[in-house]
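In what follows, a single structure is set out as structure tokens and then discussed.
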Amino acid sequence: MSEVARAAVSPVGSRSPRYRVGLDIGGTFTDFILLDCATDAVRLHKCLTTPHDPAEGALAGLIELVADADLQFTQIDELVHGTTLVTNAIIERHGVKVGLLTTKGFRDSVEMGTEQRYDIYDLFLRFPEPLAPRALRREIGERMSRDGSVLRPLDPTEVRREIALLAAAGVEAIAVCFLHSYRNPAHERAVAALAAREFPGIAVSLSAEVVPELREYERATTTLANAFVQPLMDRYIGRIEVGLRRRGFAGRFWLMQSAGGLASPEMARRFPIRLLESGPAGGGLATALVGRVADKTQVISFDMGGTTAKACLVQDGRTDIAPSMEAARVHRFKRGSGLPIKAPVIDMIEIGAGGGSIAAIDEVGLLKVGPKSAGADPGPACYGKGGSEPTVTDANLLLGYLDPGFFLGGRLTLDPGAAETALGHVARPLGLSTVEAAWGVYSIVCESMAAAARVHLVEKGRDPRGYAMVGFGGAGPAHAAAVARILGVAEVIVPPASGAASALGFLAAPVSFEFARSAPSVLDEALDFTGINRILAEIEADGRRLLAKAGITSGITVSRQAEMRLLGQMHEIAVDLPDGVLGRGSLDEVKRRFAATYTQLYTHLYAGAMIEALSWRVRVSGPVPRLSSASEPAASNRASALKGSRAAYFTAVSAIRRSMTAMRCGPATGLTDRRSSKSAKPQP
């Protein structure tokens, strides 16, 4: 599909590229945005994802995009890519065979986890299995103390023997996670040097590099996840790079990180776990962009694609960055049921289903939607690719919300008859017409997503009525208004190129690097300011060196945070640190900022509380591209903007909740727009 919008942009870094491409591989569709920086034109393109090899579909779509724009690959100056490869590999356990080297006595920490239970009433509680089975978790008799001093030296002979055993078992990657290595990484680095010298075919991930922070369980699971996908990402990036070079591409190639910054292929190969949520991160950046254009600083993103729907908050024009996330949850919407991944990510929540989510009748005879999805292959029934189960997309088509003749820009014609047949599977048991069943699917999805979004907002101490909503993604605009009404949001914004907004957000991202280091410190007069300032300076210097390697030496910004808590608590909150060197004079300001953040989340902070900082985090970023998109068509084009008309099914706004009850009690009363019957069969 090709559409043209308008944009204004300043380039990433010191270069002045002419053509920039954003590429987002999703679970169902692969989205492309081509930006012409000279004429401010934005061209949108979509194609179906190829699950067996996402790189194949991405390259094929790029060829189509470049050909449609009458360009050559040699003219593309920058390509920014987000991918679901890391997420899918961890969820589906399709990574490589991975082993773990850990300090003696800590072999089972990744299986024991923490004492926390995500459901205290479930007697059969399940947690995700470790990525490395017990037989591939090997112990090394080394030991560091909590201050980084060596208690037991590393024995190279023992390390060599254990790596040889793992190699003989067919391991392709090894995670190394020694006790207290975040204070002294010498032993982990010695293992990496030995492995590179004697076992060059095995990829090695060090916890001291991937996540140099305390808490052995989270550090080990994150390092294991990084090793689990590292060879996959290396091969994947290699295929993309070879495919681009063969077609003449010689520009900059970036990959999107979960925290909303760009990384070089080298960094992505070293730390692929930082790409876990790369696609949704683009959606958060796109929301902030649209908010700036619409002069809205408080915005909720509503990103509904083919597989899932996600939401995040933009506050004061910025997205929140969380220091960790979860992957491969046993229960999709239960926090704590997944693998903890300690890597920075734009703070968002999965709130529901996508266009491919399947509707069914559950065990007690009620209509439910998801979590199973038809995906890209075979896809919804209306795609005509062999799918027969009813999906959200089938419901939207039957309700008249989609144009059957102009899906994917007219390259895919949808089949309303197939959608009606599929929805009959849930309509007949409920005694409803297929259109009423479609409305039920639509209503349930909207109610579920609104409920999840409300919880996310309340947990952050926010009132949704003070926000505008930006609806995007392939299915987002069809559901955003209904979700907003339920939440009490008064304004919904649907931007141009909304179907590929995440790819557009990629083009608004700076090149950036974010790292943290643990140094537990109580905020009192005895705080070691010299040591803390040294840690912050070292992290900043590392980030500046990485930006310099990426060709960025000017326009650099630095932001700093501390992960803080009340002394004795288990969970921390991120608090912005004041600029400059920290000292006695800044201690009160740091405490004041902690108190403001804490009371916003938890209402009350008791007097005299001791405050502790656990980790110190620094984000170093290059220049932020100033990209804006105009939503109004030119005056001369308004008369030709109307593409057509068709019948669509609506109920009264006040009847949205009552229509859900009607799924069990009788038919809903519908109001049908009968302006045209071209594309949908009107129903009373």
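Within each chain, counting starts at residue 1; across the structure tokens, chains are named A, B, ... in the order shown, with ligands numbered 1 upward in that order.
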Close residues, stretch 547-554 of chain A itself excluded, 12 Å, only C-alpha atoms, min 6 positions apart in chain, as a tab-separated table (two decimals) with N, CA, C and O atoms, in the first residue's frame:
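Writing done, so here's selection00.tsv:
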chain	number	residue	atom	x	y	z
A	11	PRO	N	18.26	15.65	10.06
A	11	PRO	CA	18.85	14.31	9.99
A	11	PRO	C	19.38	13.82	11.31
A	11	PRO	O	19.63	14.57	12.24
A	12	VAL	N	19.60	12.49	11.37
A	12	VAL	CA	20.28	11.87	12.50
A	12	VAL	C	21.77	12.14	12.36
A	12	VAL	O	22.34	11.96	11.29
A	13	GLY	N	22.40	12.56	13.46
A	13	GLY	CA	23.84	12.77	13.42
A	13	GLY	C	24.20	13.99	12.60
A	13	GLY	O	23.42	14.91	12.40
A	14	SER	N	25.41	14.01	12.09
A	14	SER	CA	25.91	15.16	11.35
A	14	SER	C	25.67	15.05	9.86
A	14	SER	O	25.92	15.98	9.12
A	15	ARG	N	25.19	13.91	9.39
A	15	ARG	CA	24.94	13.72	7.97
A	15	ARG	C	23.64	14.37	7.56
A	15	ARG	O	22.80	14.69	8.39
A	252	ARG	N	23.58	4.10	6.02
A	252	ARG	CA	23.62	3.71	7.42
A	252	ARG	C	22.48	2.73	7.73
A	252	ARG	O	21.35	2.93	7.31
A	253	PHE	N	22.82	1.67	8.48
A	253	PHE	CA	21.84	0.68	8.90
A	253	PHE	C	21.77	0.70	10.42
A	253	PHE	O	22.77	0.46	11.10
A	254	TRP	N	20.59	1.02	10.96
A	254	TRP	CA	20.39	1.07	12.40
A	254	TRP	C	19.31	0.07	12.81
A	254	TRP	O	18.43	-0.26	12.02
A	261	GLY	N	15.93	4.15	21.38
A	261	GLY	CA	17.11	4.67	20.72
A	261	GLY	C	17.58	3.71	19.64
A	261	GLY	O	17.18	2.55	19.59
A	262	LEU	N	18.44	4.20	18.77
A	262	LEU	CA	18.97	3.39	17.68
A	262	LEU	C	20.31	2.79	18.08
A	262	LEU	O	21.09	3.39	18.81
A	263	ALA	N	20.57	1.59	17.58
A	263	ALA	CA	21.83	0.91	17.82
A	263	ALA	C	22.43	0.46	16.50
A	263	ALA	O	21.71	0.16	15.54
A	264	SER	N	23.74	0.40	16.46
A	264	SER	CA	24.42	-0.10	15.27
A	264	SER	C	24.28	-1.62	15.20
A	264	SER	O	23.98	-2.28	16.21
A	265	PRO	N	24.48	-2.22	14.02
A	265	PRO	CA	24.45	-3.69	13.94
A	265	PRO	C	25.41	-4.36	14.91
A	265	PRO	O	25.11	-5.41	15.47
A	266	GLU	N	26.57	-3.74	15.14
A	266	GLU	CA	27.54	-4.31	16.07
A	266	GLU	C	26.96	-4.38	17.48
A	266	GLU	O	27.07	-5.39	18.17
A	267	MET	N	26.31	-3.29	17.92
A	267	MET	CA	25.71	-3.28	19.26
A	267	MET	C	24.55	-4.26	19.34
A	267	MET	O	24.35	-4.93	20.36
A	510	PRO	N	16.68	8.98	18.16
A	510	PRO	CA	18.11	9.28	18.12
A	510	PRO	C	18.94	8.01	18.30
A	510	PRO	O	18.44	6.99	18.78
A	511	VAL	N	20.18	8.07	17.91
A	511	VAL	CA	21.11	7.01	18.27
A	511	VAL	C	21.45	7.20	19.75
A	511	VAL	O	21.79	8.30	20.18
A	512	SER	N	21.30	6.15	20.55
A	512	SER	CA	21.53	6.32	21.99
A	512	SER	C	22.00	5.01	22.61
A	512	SER	O	21.77	3.93	22.05
A	513	PHE	N	22.62	5.14	23.76
A	513	PHE	CA	23.07	3.99	24.54
A	513	PHE	C	22.75	4.28	26.00
A	513	PHE	O	22.97	5.39	26.49
A	514	GLU	N	22.24	3.26	26.68
A	514	GLU	CA	21.88	3.40	28.09
A	514	GLU	C	22.46	2.24	28.87
A	514	GLU	O	22.28	1.08	28.51
A	540	GLU	N	29.04	7.53	31.29
A	540	GLU	CA	28.87	8.56	30.26
A	540	GLU	C	29.99	8.49	29.23
A	540	GLU	O	29.75	8.60	28.01
A	541	ALA	N	31.21	8.28	29.68
A	541	ALA	CA	32.35	8.19	28.75
A	541	ALA	C	32.19	6.99	27.82
A	541	ALA	O	32.49	7.08	26.62
A	619	ARG	N	21.94	7.63	30.25
A	619	ARG	CA	21.54	7.51	28.84
A	619	ARG	C	22.23	8.61	28.06
A	619	ARG	O	22.07	9.79	28.36
A	620	VAL	N	23.01	8.21	27.05
A	620	VAL	CA	23.74	9.15	26.20
A	620	VAL	C	23.14	9.07	24.80
A	620	VAL	O	23.10	8.00	24.20
A	621	SER	N	22.66	10.21	24.29
A	621	SER	CA	21.91	10.22	23.03
A	621	SER	C	22.49	11.22	22.06
A	621	SER	O	22.99	12.29	22.45
A	622	GLY	N	22.39	10.88	20.79
A	622	GLY	CA	22.74	11.82	19.73
A	622	GLY	C	21.59	12.76	19.47
A	622	GLY	O	20.58	12.76	20.18
A	623	PRO	N	21.70	13.59	18.43
A	623	PRO	CA	20.64	14.55	18.12
A	623	PRO	C	19.32	13.84	17.82
A	623	PRO	O	19.29	12.78	17.18
A	624	VAL	N	18.22	14.43	18.28
A	624	VAL	CA	16.89	13.87	18.03
A	624	VAL	C	16.35	14.44	16.72
A	624	VAL	O	16.26	15.66	16.57
Margin query: Going by DSSP on the backbone, which residues of stretch 295-516 of chain A come out as alpha helix (DSSP H)? List them as number ranges by chain.
Written below: A: 392-398, 416-430, 434-459, 476-487, 501-506
Quick one: residues within 10 Å of A:Tyr598, only C-alpha atoms, excluding same-chain residues fewer than 2 positions away - as a tab-separated table (two decimals) with C-alpha atoms, in the first residue's frame?
chain	number	residue	atom	x	y	z
A	564	MET	CA	15.84	4.16	44.48
A	565	ARG	CA	13.67	2.73	47.25
A	566	LEU	CA	12.97	3.03	50.94
A	572	GLU	CA	12.70	0.47	43.22
A	573	ILE	CA	11.49	3.52	41.35
A	574	ALA	CA	13.47	5.53	38.79
A	575	VAL	CA	14.30	9.09	39.87
A	592	ARG	CA	12.93	15.82	47.11
A	593	ARG	CA	12.70	14.24	43.67
A	594	PHE	CA	12.40	10.78	45.19
A	595	ALA	CA	9.62	11.98	47.51
A	596	ALA	CA	7.69	13.55	44.61
A	600	GLN	CA	2.67	10.23	43.06
A	601	LEU	CA	2.75	6.43	42.88
A	602	TYR	CA	1.94	5.46	46.47
A	603	THR	CA	0.24	8.60	47.89
A	604	HIS	CA	2.21	8.82	51.15
A	605	LEU	CA	5.84	8.88	52.26
Check: Within 8 Å of stretch 62-65 of chain A, counting only C-alpha atoms, which residues qualify if same-chain residues fewer than 3 places away don't, as a PyMOL selection string?
Finding: chain A and resi 32+34+45+58-59+68-69
Writer output for current selection, all heavy atoms, as an mmCIF file, in the first residue's frame:
data_model
loop_
_atom_site.group_PDB
_atom_site.id
_atom_site.type_symbol
_atom_site.label_atom_id
_atom_site.label_comp_id
_atom_site.auth_asym_id
_atom_site.auth_seq_id
_atom_site.Cartn_x
_atom_site.Cartn_y
_atom_site.Cartn_z
ATOM 1 N N PHE A 32 6.548 -0.308 6.231
ATOM 2 C CA PHE A 32 7.649 0.498 5.717
ATOM 3 C C PHE A 32 7.209 1.957 5.634
ATOM 4 O O PHE A 32 6.065 2.255 5.282
ATOM 5 C CB PHE A 32 8.055 0.054 4.309
ATOM 6 C CG PHE A 32 8.384 -1.407 4.179
ATOM 7 C CD1 PHE A 32 7.379 -2.348 3.991
ATOM 8 C CD2 PHE A 32 9.703 -1.848 4.240
ATOM 9 C CE1 PHE A 32 7.680 -3.689 3.859
ATOM 10 C CE2 PHE A 32 10.002 -3.192 4.115
ATOM 11 C CZ PHE A 32 8.997 -4.118 3.925
ATOM 12 N N LEU A 34 8.946 5.446 3.840
ATOM 13 C CA LEU A 34 10.020 6.081 3.079
ATOM 14 C C LEU A 34 9.878 7.588 3.213
ATOM 15 O O LEU A 34 8.852 8.157 2.834
ATOM 16 C CB LEU A 34 9.958 5.673 1.603
ATOM 17 C CG LEU A 34 10.910 6.418 0.658
ATOM 18 C CD1 LEU A 34 12.360 6.133 1.003
ATOM 19 C CD2 LEU A 34 10.625 6.055 -0.796
ATOM 20 N N HIS A 45 4.132 1.771 3.005
ATOM 21 C CA HIS A 45 4.012 0.498 2.305
ATOM 22 C C HIS A 45 3.833 -0.606 3.335
ATOM 23 O O HIS A 45 4.408 -0.553 4.433
ATOM 24 C CB HIS A 45 5.266 0.241 1.459
ATOM 25 C CG HIS A 45 5.185 -0.964 0.580
ATOM 26 N ND1 HIS A 45 4.457 -0.994 -0.583
ATOM 27 C CD2 HIS A 45 5.735 -2.198 0.701
ATOM 28 C CE1 HIS A 45 4.570 -2.182 -1.149
ATOM 29 N NE2 HIS A 45 5.333 -2.939 -0.382
ATOM 30 N N ALA A 58 10.888 -8.864 4.508
ATOM 31 C CA ALA A 58 11.379 -7.497 4.649
ATOM 32 C C ALA A 58 12.099 -7.037 3.387
ATOM 33 O O ALA A 58 11.870 -5.926 2.889
ATOM 34 C CB ALA A 58 12.303 -7.402 5.858
ATOM 35 N N LEU A 59 12.972 -7.885 2.843
ATOM 36 C CA LEU A 59 13.708 -7.510 1.636
ATOM 37 C C LEU A 59 12.773 -7.400 0.434
ATOM 38 O O LEU A 59 12.909 -6.488 -0.389
ATOM 39 C CB LEU A 59 14.818 -8.523 1.364
ATOM 40 C CG LEU A 59 15.991 -8.500 2.361
ATOM 41 C CD1 LEU A 59 16.909 -9.685 2.139
ATOM 42 C CD2 LEU A 59 16.774 -7.187 2.228
ATOM 43 N N ASP A 68 8.242 1.302 -6.262
ATOM 44 C CA ASP A 68 7.067 2.170 -6.319
ATOM 45 C C ASP A 68 7.453 3.649 -6.286
ATOM 46 O O ASP A 68 6.768 4.496 -6.864
ATOM 47 C CB ASP A 68 6.118 1.868 -5.149
ATOM 48 C CG ASP A 68 5.392 0.539 -5.330
ATOM 49 O OD1 ASP A 68 5.435 -0.015 -6.446
ATOM 50 O OD2 ASP A 68 4.795 0.052 -4.346
ATOM 51 N N ALA A 69 8.542 3.958 -5.563
ATOM 52 C CA ALA A 69 8.993 5.345 -5.474
ATOM 53 C C ALA A 69 9.916 5.742 -6.622
ATOM 54 O O ALA A 69 10.412 6.876 -6.642
ATOM 55 C CB ALA A 69 9.717 5.553 -4.144
#
Checklist line | Who sits within 12 Å of A:Glu188, only C-alpha atoms, same chain under 5 positions skipped, as a ChimeraX atom specification | finding: /A:100-103,140,142-144,153-156,159,174-183,193-195,204-210,212
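For the choices A:Leu367, A:Ala167, A:Val470, A:Ala452, the atom-to-atom distance to A:Arg292 is smallest for A:Val470 when using only C-alpha atoms.
Nearest residue to A:Pro495 among A:Met469, A:Phe515, A:Ile90, A:Ala374 is A:Met469, counting only C-alpha atoms.
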